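Novice: Structure in structure tokens, see below.
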Amino acid sequence: DVKVTQSSRYLVKRTGEKVFLECVQDMDHENMFWYRQDPGLGLRLIYFSYDVKMKEKGDIPEGYSVSREKKERFSLILESASTNQTSMYLCASSLEDGYTFGSGTRLTVV
Amino acid sequence: RKEVEQDPGPFNVPEGATVAFNCTYSNSASQSFFWYRQDCRKEPKLLMSVYSSGNEDGRFTAQLNRASQYISLLIRDSKLSDSATYLCVVISSGSARQLTFGSGTQLTVLP
């Protein structure tokens with residue numbers, strides 16, 4: 001089975017901190033994605049990458065950046081965390097249409 | 001208008017009931033369609049793909065109506081373990097075939 005691993009299950013950070021969310025997949029998938037999930041809004045795409053060093057903005061990229069230096073790792077960066085970035089963050093990887101999600105990181109910004 | 005819209009529910013049904021969820025999508029160029037299931041505090045997991053001809057997997061039946069741009073999921077003989085949030089998911093054309101999610105329909109099956 002494909003495994004997508006997110007480094008932290010729960011995270012609490014202060015406003016203004018730089019935050020790194022890490023995601024690693026073990027099946028050599030080309031495509032990787034970062035979503036956030038909020039009540040009533042569902043999952044919204046922040047950024048995605050279809051190859052090493054490639055990245056594309058999703059629907060809500062503001063306040064975020066990403067890094068894909070290696071195929072298996074896709075990092076989401078909050079340059080200066082704000083309280084409205086408190087959310088559940090989900091990483092996914094895919095080959096064709098087969099998506100696998102990590103178990104999520106619940107980030108709280110205080 | 002959201003790209004993918006679902007009735008958020010909640011749907012509360014007794015065990016053994018049949019329940020149906022609908023989902024509409026706005027992008028007529030959408031190519032692939034799925035239903036995902038998400039349990040409380042867990043990640044979404046693929047339940048089934050949705051094909052134009054309709055497809056069935058045990059108690060679950062998915063249908064796609066391209067002309068009206070809606071997708072449906074029918075669950076027969078509901079079990080307690082079916083309680084979850086069901087997410088309608090669409091893939092539009094694009095370089096990485098990214099998913100667009102509906103906000104989900106919450107189902108609770110009652111004993």
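Lettering and numbering for the structure tokens are positional, with chains as A, B, ... in the shown order, residues counted from 1 in each chain, and ligands counted from 1 in the shown order.
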Could you write out as a list in words the residues of chain A within 7 Å of chain B, counting only C-alpha atoms?

Specialist: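 Using only C-alpha atoms, chain A residues at most 7 Å from chain B: Asn31, Gly40, Leu41, Gly42, Leu43, Tyr50, Phe101, Gly102, Ser103 and Gly104 of chain A.
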
Novice: Considering only C-alpha atoms, can you say which of B:Ser72, B:Asn27, B:Gln106, B:Asn12 comes closest to Phe60 in chain B?

Specialist: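 Checking each candidate against Phe60 in chain B, we get B:Ser72 as the closest.
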
Novice: As a list of chain:residue names, please: the residues near Lys71 in chain A (cut-off 8 Å, only C-alpha atoms, same-chain neighbours under 2 positions excluded).

Specialist: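 Skipping anything fewer than 2 positions along the chain leaves A:Asp28, A:His29, A:Glu30, A:Asp51, A:Val52, A:Arg68, A:Glu69, A:Arg73, A:Phe74.
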
Novice: Which is closer to Ser81 in chain B than all the others in B:Ser30, B:Arg37, B:Ala67, B:Cys23, using only C-alpha atoms?

Specialist: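 Closest to Ser81 in chain B, using only C-alpha atoms: B:Arg37.
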
Novice: Applying 12 Å and only C-alpha atoms, which residues near Thr15 in chain A remain after dropping the ones on its own chain fewer than 6 positions away? List them as a list in words.

Specialist: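 Non-adjacent residues within range: Leu78, Glu79, Ser80, Ala81, Ser82, Thr83, Asn84, Gln85, Thr86, Leu107, Thr108, Val109 and Val110 of chain A.
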
Novice: Limited to C-alpha atoms, could you put the picked residues into a file as a JSON list (two decimals), in the first residue's frame?

Specialist:
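After the write, part_37.json holds the following:
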[["chain", "number", "residue", "atom", "x", "y", "z"],
["A", 78, "LEU", "CA", 3.69, 29.14, 6.41],
["A", 79, "GLU", "CA", 6.01, 32.12, 6.18],
["A", 80, "SER", "CA", 4.39, 33.98, 9.06],
["A", 81, "ALA", "CA", 1.63, 32.01, 10.71],
["A", 82, "SER", "CA", -1.65, 33.74, 11.40],
["A", 83, "THR", "CA", -4.69, 32.66, 13.40],
["A", 84, "ASN", "CA", -6.76, 32.22, 10.23],
["A", 85, "GLN", "CA", -4.36, 29.46, 9.21],
["A", 86, "THR", "CA", -5.59, 27.32, 12.08],
["A", 107, "LEU", "CA", -2.39, 23.11, 13.22],
["A", 108, "THR", "CA", -3.45, 25.65, 15.79],
["A", 109, "VAL", "CA", -2.01, 29.15, 15.59],
["A", 110, "VAL", "CA", -2.34, 31.12, 18.81]]

Novice: Could you pull the residues within 9 Å of Val13 in chain B, counting only C-alpha atoms, minus those fewer than 5 positions along the same chain, as a PDB file with all heavy atoms, in the first residue's frame?

Specialist:
ATOM      1  N   THR B  18     -32.388   2.959   3.040  1.00  0.00           N
ATOM      2  CA  THR B  18     -31.688   3.341   1.811  1.00  0.00           C
ATOM      3  C   THR B  18     -31.558   4.863   1.811  1.00  0.00           C
ATOM      4  O   THR B  18     -32.518   5.575   2.100  1.00  0.00           O
ATOM      5  CB  THR B  18     -32.467   2.885   0.575  1.00  0.00           C
ATOM      6  OG1 THR B  18     -32.493   1.448   0.564  1.00  0.00           O
ATOM      7  CG2 THR B  18     -31.801   3.385  -0.697  1.00  0.00           C
ATOM      8  N   VAL B  19     -30.373   5.329   1.510  1.00  0.00           N
ATOM      9  CA  VAL B  19     -30.142   6.772   1.521  1.00  0.00           C
ATOM     10  C   VAL B  19     -29.394   7.172   0.253  1.00  0.00           C
ATOM     11  O   VAL B  19     -28.581   6.391  -0.262  1.00  0.00           O
ATOM     12  CB  VAL B  19     -29.354   7.182   2.791  1.00  0.00           C
ATOM     13  CG1 VAL B  19     -28.004   6.510   2.872  1.00  0.00           C
ATOM     14  CG2 VAL B  19     -29.227   8.691   2.891  1.00  0.00           C
ATOM     15  N   SER B  78     -28.420   0.320   5.007  1.00  0.00           N
ATOM     16  CA  SER B  78     -27.412   1.065   5.770  1.00  0.00           C
ATOM     17  C   SER B  78     -26.974   0.321   7.022  1.00  0.00           C
ATOM     18  O   SER B  78     -27.799  -0.269   7.731  1.00  0.00           O
ATOM     19  CB  SER B  78     -27.962   2.433   6.169  1.00  0.00           C
ATOM     20  OG  SER B  78     -28.336   3.188   5.056  1.00  0.00           O
ATOM     21  N   LEU B 107     -23.471  11.632   7.198  1.00  0.00           N
ATOM     22  CA  LEU B 107     -24.458  10.566   7.392  1.00  0.00           C
ATOM     23  C   LEU B 107     -24.270   9.945   8.762  1.00  0.00           C
ATOM     24  O   LEU B 107     -23.154   9.574   9.138  1.00  0.00           O
ATOM     25  CB  LEU B 107     -24.297   9.490   6.320  1.00  0.00           C
ATOM     26  CG  LEU B 107     -25.122   8.214   6.526  1.00  0.00           C
ATOM     27  CD1 LEU B 107     -26.616   8.505   6.392  1.00  0.00           C
ATOM     28  CD2 LEU B 107     -24.708   7.131   5.540  1.00  0.00           C
ATOM     29  N   THR B 108     -25.376   9.812   9.489  1.00  0.00           N
ATOM     30  CA  THR B 108     -25.373   9.048  10.736  1.00  0.00           C
ATOM     31  C   THR B 108     -26.435   7.968  10.618  1.00  0.00           C
ATOM     32  O   THR B 108     -27.601   8.272  10.346  1.00  0.00           O
ATOM     33  CB  THR B 108     -25.677   9.938  11.955  1.00  0.00           C
ATOM     34  OG1 THR B 108     -24.700  10.984  12.028  1.00  0.00           O
ATOM     35  CG2 THR B 108     -25.646   9.122  13.240  1.00  0.00           C
ATOM     36  N   VAL B 109     -26.018   6.734  10.776  1.00  0.00           N
ATOM     37  CA  VAL B 109     -26.943   5.606  10.765  1.00  0.00           C
ATOM     38  C   VAL B 109     -27.238   5.246  12.211  1.00  0.00           C
ATOM     39  O   VAL B 109     -26.324   4.973  12.995  1.00  0.00           O
ATOM     40  CB  VAL B 109     -26.353   4.408  10.009  1.00  0.00           C
ATOM     41  CG1 VAL B 109     -27.354   3.249  10.002  1.00  0.00           C
ATOM     42  CG2 VAL B 109     -25.989   4.808   8.586  1.00  0.00           C
ATOM     43  N   LEU B 110     -28.526   5.247  12.542  1.00  0.00           N
ATOM     44  CA  LEU B 110     -28.950   5.063  13.931  1.00  0.00           C
ATOM     45  C   LEU B 110     -29.399   3.635  14.178  1.00  0.00           C
ATOM     46  O   LEU B 110     -30.015   3.022  13.303  1.00  0.00           O
ATOM     47  CB  LEU B 110     -30.095   6.033  14.234  1.00  0.00           C
ATOM     48  CG  LEU B 110     -29.775   7.517  13.974  1.00  0.00           C
ATOM     49  CD1 LEU B 110     -31.054   8.349  14.012  1.00  0.00           C
ATOM     50  CD2 LEU B 110     -28.781   8.005  15.007  1.00  0.00           C
ATOM     51  N   PRO B 111     -29.094   3.110  15.368  1.00  0.00           N
ATOM     52  CA  PRO B 111     -29.519   1.723  15.669  1.00  0.00           C
ATOM     53  C   PRO B 111     -31.027   1.637  15.862  1.00  0.00           C
ATOM     54  O   PRO B 111     -31.691   2.630  16.142  1.00  0.00           O
ATOM     55  CB  PRO B 111     -28.767   1.403  16.971  1.00  0.00           C
ATOM     56  CG  PRO B 111     -28.406   2.713  17.557  1.00  0.00           C
ATOM     57  CD  PRO B 111     -28.284   3.707  16.428  1.00  0.00           C
TER      58      PRO B 111
END

Novice: What parts of chain A does DSSP call strand (DSSP E)? I'd like the answer as a ChimeraX atom specification.

Specialist: /A:4-6,10-13,19-21,23-25,31-38,42-49,56-57,64-70,73-78,87-95,98-101,105-109

Novice: Leaving out Tyr64 in chain A and any residue of its chain fewer than 3 positions from it, which residues lie within 12 Å of it when counting only C-alpha atoms, given as a compact mmCIF listing (two decimals) with all heavy atoms, in the first residue's frame?

Specialist:
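Written file, part-v2.txt:
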# COMPACT_ATOMS: atom_id res chain seq x y z
N LYS A 18 7.41 30.97 11.62
CA LYS A 18 7.52 30.26 10.35
C LYS A 18 7.28 28.77 10.65
O LYS A 18 7.89 28.21 11.55
CB LYS A 18 8.90 30.46 9.74
CG LYS A 18 9.03 29.95 8.31
CD LYS A 18 10.33 30.45 7.67
CE LYS A 18 10.40 30.07 6.21
NZ LYS A 18 11.59 30.63 5.53
N VAL A 19 6.37 28.18 9.89
CA VAL A 19 5.95 26.81 10.17
C VAL A 19 6.22 25.93 8.95
O VAL A 19 5.93 26.32 7.82
CB VAL A 19 4.45 26.76 10.52
CG1 VAL A 19 4.02 25.33 10.85
CG2 VAL A 19 4.14 27.69 11.68
N PHE A 20 6.77 24.77 9.21
CA PHE A 20 7.02 23.79 8.15
C PHE A 20 6.17 22.55 8.40
O PHE A 20 6.24 21.95 9.47
CB PHE A 20 8.50 23.38 8.13
CG PHE A 20 9.45 24.46 7.74
CD1 PHE A 20 9.93 25.36 8.68
CD2 PHE A 20 9.86 24.59 6.43
CE1 PHE A 20 10.80 26.37 8.32
CE2 PHE A 20 10.75 25.59 6.05
CZ PHE A 20 11.21 26.49 7.00
N LEU A 21 5.39 22.17 7.41
CA LEU A 21 4.64 20.91 7.46
C LEU A 21 5.25 19.99 6.42
O LEU A 21 5.35 20.35 5.24
CB LEU A 21 3.16 21.14 7.18
CG LEU A 21 2.42 22.10 8.12
CD1 LEU A 21 0.94 22.16 7.76
CD2 LEU A 21 2.59 21.70 9.57
N TRP A 34 -1.17 19.70 -1.34
CA TRP A 34 -1.50 20.14 0.02
C TRP A 34 -2.89 20.76 0.00
O TRP A 34 -3.19 21.65 -0.81
CB TRP A 34 -0.50 21.18 0.53
CG TRP A 34 0.71 20.57 1.16
CD1 TRP A 34 1.96 20.50 0.65
CD2 TRP A 34 0.77 19.96 2.46
NE1 TRP A 34 2.81 19.87 1.53
CE2 TRP A 34 2.10 19.54 2.65
CE3 TRP A 34 -0.16 19.74 3.48
CZ2 TRP A 34 2.53 18.90 3.82
CZ3 TRP A 34 0.26 19.09 4.63
CH2 TRP A 34 1.59 18.69 4.78
N TYR A 35 -3.74 20.26 0.92
CA TYR A 35 -5.08 20.78 1.10
C TYR A 35 -5.21 21.26 2.54
O TYR A 35 -4.53 20.77 3.45
CB TYR A 35 -6.13 19.69 0.89
CG TYR A 35 -6.30 19.21 -0.53
CD1 TYR A 35 -5.49 18.21 -1.06
CD2 TYR A 35 -7.30 19.74 -1.34
CE1 TYR A 35 -5.66 17.77 -2.36
CE2 TYR A 35 -7.48 19.29 -2.64
CZ TYR A 35 -6.65 18.30 -3.14
OH TYR A 35 -6.82 17.86 -4.42
N ARG A 36 -6.16 22.17 2.75
CA ARG A 36 -6.61 22.43 4.11
C ARG A 36 -8.10 22.15 4.17
O ARG A 36 -8.81 22.32 3.17
CB ARG A 36 -6.28 23.84 4.59
CG ARG A 36 -6.94 24.97 3.86
CD ARG A 36 -6.58 26.33 4.47
NE ARG A 36 -7.34 26.62 5.69
CZ ARG A 36 -7.18 27.72 6.43
NH1 ARG A 36 -6.29 28.63 6.09
NH2 ARG A 36 -7.91 27.91 7.51
N LEU A 45 -7.61 23.26 -2.12
CA LEU A 45 -6.25 23.01 -2.59
C LEU A 45 -5.39 24.26 -2.40
O LEU A 45 -5.74 25.34 -2.87
CB LEU A 45 -6.29 22.61 -4.06
CG LEU A 45 -4.96 22.28 -4.71
CD1 LEU A 45 -4.31 21.06 -4.06
CD2 LEU A 45 -5.17 22.04 -6.20
N ILE A 46 -4.26 24.06 -1.73
CA ILE A 46 -3.35 25.19 -1.48
C ILE A 46 -2.29 25.27 -2.58
O ILE A 46 -2.13 26.28 -3.26
CB ILE A 46 -2.67 25.02 -0.10
CG1 ILE A 46 -3.70 24.88 1.01
CG2 ILE A 46 -1.75 26.21 0.18
CD1 ILE A 46 -3.11 24.49 2.35
N TYR A 47 -1.55 24.17 -2.74
CA TYR A 47 -0.50 24.07 -3.76
C TYR A 47 -0.43 22.62 -4.21
O TYR A 47 -0.80 21.71 -3.47
CB TYR A 47 0.86 24.45 -3.18
CG TYR A 47 1.30 25.89 -3.37
CD1 TYR A 47 1.09 26.82 -2.37
CD2 TYR A 47 1.92 26.29 -4.54
CE1 TYR A 47 1.49 28.14 -2.52
CE2 TYR A 47 2.34 27.61 -4.70
CZ TYR A 47 2.12 28.53 -3.68
OH TYR A 47 2.54 29.83 -3.85
N PHE A 48 0.10 22.43 -5.40
CA PHE A 48 0.41 21.08 -5.82
C PHE A 48 1.69 21.07 -6.64
O PHE A 48 2.19 22.12 -7.07
CB PHE A 48 -0.75 20.43 -6.58
CG PHE A 48 -1.13 21.10 -7.87
CD1 PHE A 48 -0.68 20.60 -9.08
CD2 PHE A 48 -1.97 22.19 -7.88
CE1 PHE A 48 -1.05 21.19 -10.28
CE2 PHE A 48 -2.35 22.79 -9.08
CZ PHE A 48 -1.88 22.29 -10.28
N GLU A 56 2.70 24.45 -8.41
CA GLU A 56 1.63 25.29 -8.97
C GLU A 56 0.68 25.70 -7.86
O GLU A 56 0.41 24.91 -6.94
CB GLU A 56 0.88 24.54 -10.07
CG GLU A 56 1.69 24.36 -11.33
CD GLU A 56 0.82 24.06 -12.54
OE1 GLU A 56 -0.35 24.45 -12.55
OE2 GLU A 56 1.33 23.40 -13.45
N LYS A 57 0.16 26.90 -7.99
CA LYS A 57 -0.80 27.39 -6.99
C LYS A 57 -2.12 26.68 -7.15
O LYS A 57 -2.58 26.42 -8.27
CB LYS A 57 -0.98 28.90 -7.14
CG LYS A 57 0.26 29.69 -6.80
CD LYS A 57 0.01 31.18 -7.00
CE LYS A 57 1.25 31.98 -6.64
NZ LYS A 57 1.05 33.44 -6.84
N GLY A 58 -2.72 26.41 -6.01
CA GLY A 58 -4.07 25.88 -6.01
C GLY A 58 -5.06 27.02 -5.88
O GLY A 58 -4.84 28.12 -6.41
N ASP A 59 -6.13 26.78 -5.14
CA ASP A 59 -7.19 27.77 -5.02
C ASP A 59 -6.92 28.82 -3.95
O ASP A 59 -7.42 29.93 -4.03
CB ASP A 59 -8.52 27.06 -4.71
CG ASP A 59 -8.91 26.10 -5.80
OD1 ASP A 59 -8.73 26.44 -6.98
OD2 ASP A 59 -9.37 24.98 -5.49
N ILE A 60 -6.12 28.47 -2.94
CA ILE A 60 -5.90 29.39 -1.81
C ILE A 60 -4.43 29.42 -1.43
O ILE A 60 -4.05 29.08 -0.32
CB ILE A 60 -6.78 29.01 -0.60
CG1 ILE A 60 -6.63 27.51 -0.26
CG2 ILE A 60 -8.24 29.34 -0.85
CD1 ILE A 60 -7.11 27.17 1.13
N PRO A 61 -3.54 29.87 -2.30
CA PRO A 61 -2.10 29.83 -2.00
C PRO A 61 -1.60 30.95 -1.09
O PRO A 61 -0.47 30.88 -0.58
CB PRO A 61 -1.48 29.96 -3.39
CG PRO A 61 -2.47 30.79 -4.15
CD PRO A 61 -3.83 30.40 -3.63
N SER A 67 7.83 23.51 -1.12
CA SER A 67 9.14 23.09 -1.60
C SER A 67 9.09 21.63 -1.98
O SER A 67 8.58 20.79 -1.22
CB SER A 67 10.18 23.30 -0.49
OG SER A 67 11.43 22.75 -0.86
N SER A 75 6.92 19.83 1.02
CA SER A 75 6.80 20.60 2.25
C SER A 75 5.91 21.82 2.05
O SER A 75 6.00 22.50 1.02
CB SER A 75 8.19 21.08 2.70
OG SER A 75 9.06 19.98 2.84
N LEU A 76 5.07 22.08 3.03
CA LEU A 76 4.23 23.28 3.04
C LEU A 76 4.81 24.23 4.07
O LEU A 76 5.11 23.82 5.20
CB LEU A 76 2.79 22.91 3.40
CG LEU A 76 1.81 24.08 3.45
CD1 LEU A 76 1.56 24.63 2.04
CD2 LEU A 76 0.48 23.63 4.07
N ILE A 77 4.96 25.49 3.68
CA ILE A 77 5.59 26.48 4.55
C ILE A 77 4.63 27.63 4.79
O ILE A 77 4.08 28.19 3.82
CB ILE A 77 6.89 27.01 3.90
CG1 ILE A 77 7.83 25.84 3.60
CG2 ILE A 77 7.57 28.04 4.81
CD1 ILE A 77 8.80 26.10 2.48
N LEU A 78 4.43 27.95 6.03
CA LEU A 78 3.69 29.14 6.41
C LEU A 78 4.73 30.17 6.80
O LEU A 78 5.40 30.03 7.83
CB LEU A 78 2.75 28.85 7.58
CG LEU A 78 1.48 28.05 7.31
CD1 LEU A 78 1.78 26.60 6.93
CD2 LEU A 78 0.55 28.10 8.51
N GLU A 79 4.92 31.15 5.98
CA GLU A 79 6.01 32.12 6.18
C GLU A 79 5.87 32.87 7.49
O GLU A 79 6.85 33.11 8.18
CB GLU A 79 6.07 33.08 5.01
CG GLU A 79 6.37 32.43 3.66
CD GLU A 79 7.80 31.92 3.57
OE1 GLU A 79 8.65 32.34 4.38
OE2 GLU A 79 8.07 31.07 2.69
N SER A 80 4.65 33.26 7.82
CA SER A 80 4.39 33.98 9.06
C SER A 80 2.98 33.59 9.50
O SER A 80 2.00 34.15 9.01
CB SER A 80 4.49 35.49 8.82
OG SER A 80 4.14 36.20 9.99
N ALA A 81 2.93 32.61 10.37
CA ALA A 81 1.63 32.01 10.71
C ALA A 81 0.66 33.03 11.27
O ALA A 81 1.03 33.92 12.05
CB ALA A 81 1.84 30.87 11.71
N SER A 82 -0.59 32.88 10.87
CA SER A 82 -1.65 33.74 11.40
C SER A 82 -2.78 32.87 11.93
O SER A 82 -2.90 31.69 11.55
CB SER A 82 -2.16 34.68 10.31
OG SER A 82 -2.73 33.95 9.25
N GLN A 85 -4.96 30.67 9.78
CA GLN A 85 -4.36 29.46 9.21
C GLN A 85 -4.51 28.26 10.14
O GLN A 85 -4.00 27.17 9.84
CB GLN A 85 -2.90 29.69 8.86
CG GLN A 85 -2.74 30.69 7.71
CD GLN A 85 -1.29 30.98 7.36
OE1 GLN A 85 -0.49 31.31 8.24
NE2 GLN A 85 -0.96 30.86 6.09
N TYR A 89 -4.56 20.24 7.94
CA TYR A 89 -3.81 20.22 6.68
C TYR A 89 -3.60 18.78 6.25
O TYR A 89 -3.13 17.94 7.01
CB TYR A 89 -2.47 20.93 6.85
CG TYR A 89 -2.62 22.42 7.00
CD1 TYR A 89 -2.84 23.00 8.26
CD2 TYR A 89 -2.62 23.26 5.89
CE1 TYR A 89 -3.04 24.36 8.39
CE2 TYR A 89 -2.81 24.62 6.03
CZ TYR A 89 -3.02 25.17 7.28
OH TYR A 89 -3.21 26.53 7.42

Novice: So what do you get for CA of Ile71 in chain B versus CA of Tyr25 in chain B, distance-wise?

Specialist: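 If I compute the distance from CA of Ile71 in chain B to CA of Tyr25 in chain B, I get 8.2 Å.
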
Novice: Between CA of Cys40 in chain B and CA of Thr100 in chain A, what is the spacing in Å?

Specialist: 17.2 Å

Novice: Have a look at CA of Trp35 in chain B and CA of Val4 in chain A and let me know their distance in Å, one decimal.

Specialist: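 Result for CA of Trp35 in chain B versus CA of Val4 in chain A: 19.9 Å, one decimal.
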
Novice: At a cut-off of 9 Å, using only C-alpha atoms, what residues contact Gln63 in chain B? Leave out same-chain residues fewer than 6 positions from it and give the result as a ChimeraX atom specification.

Specialist: /B:50-56,70-74
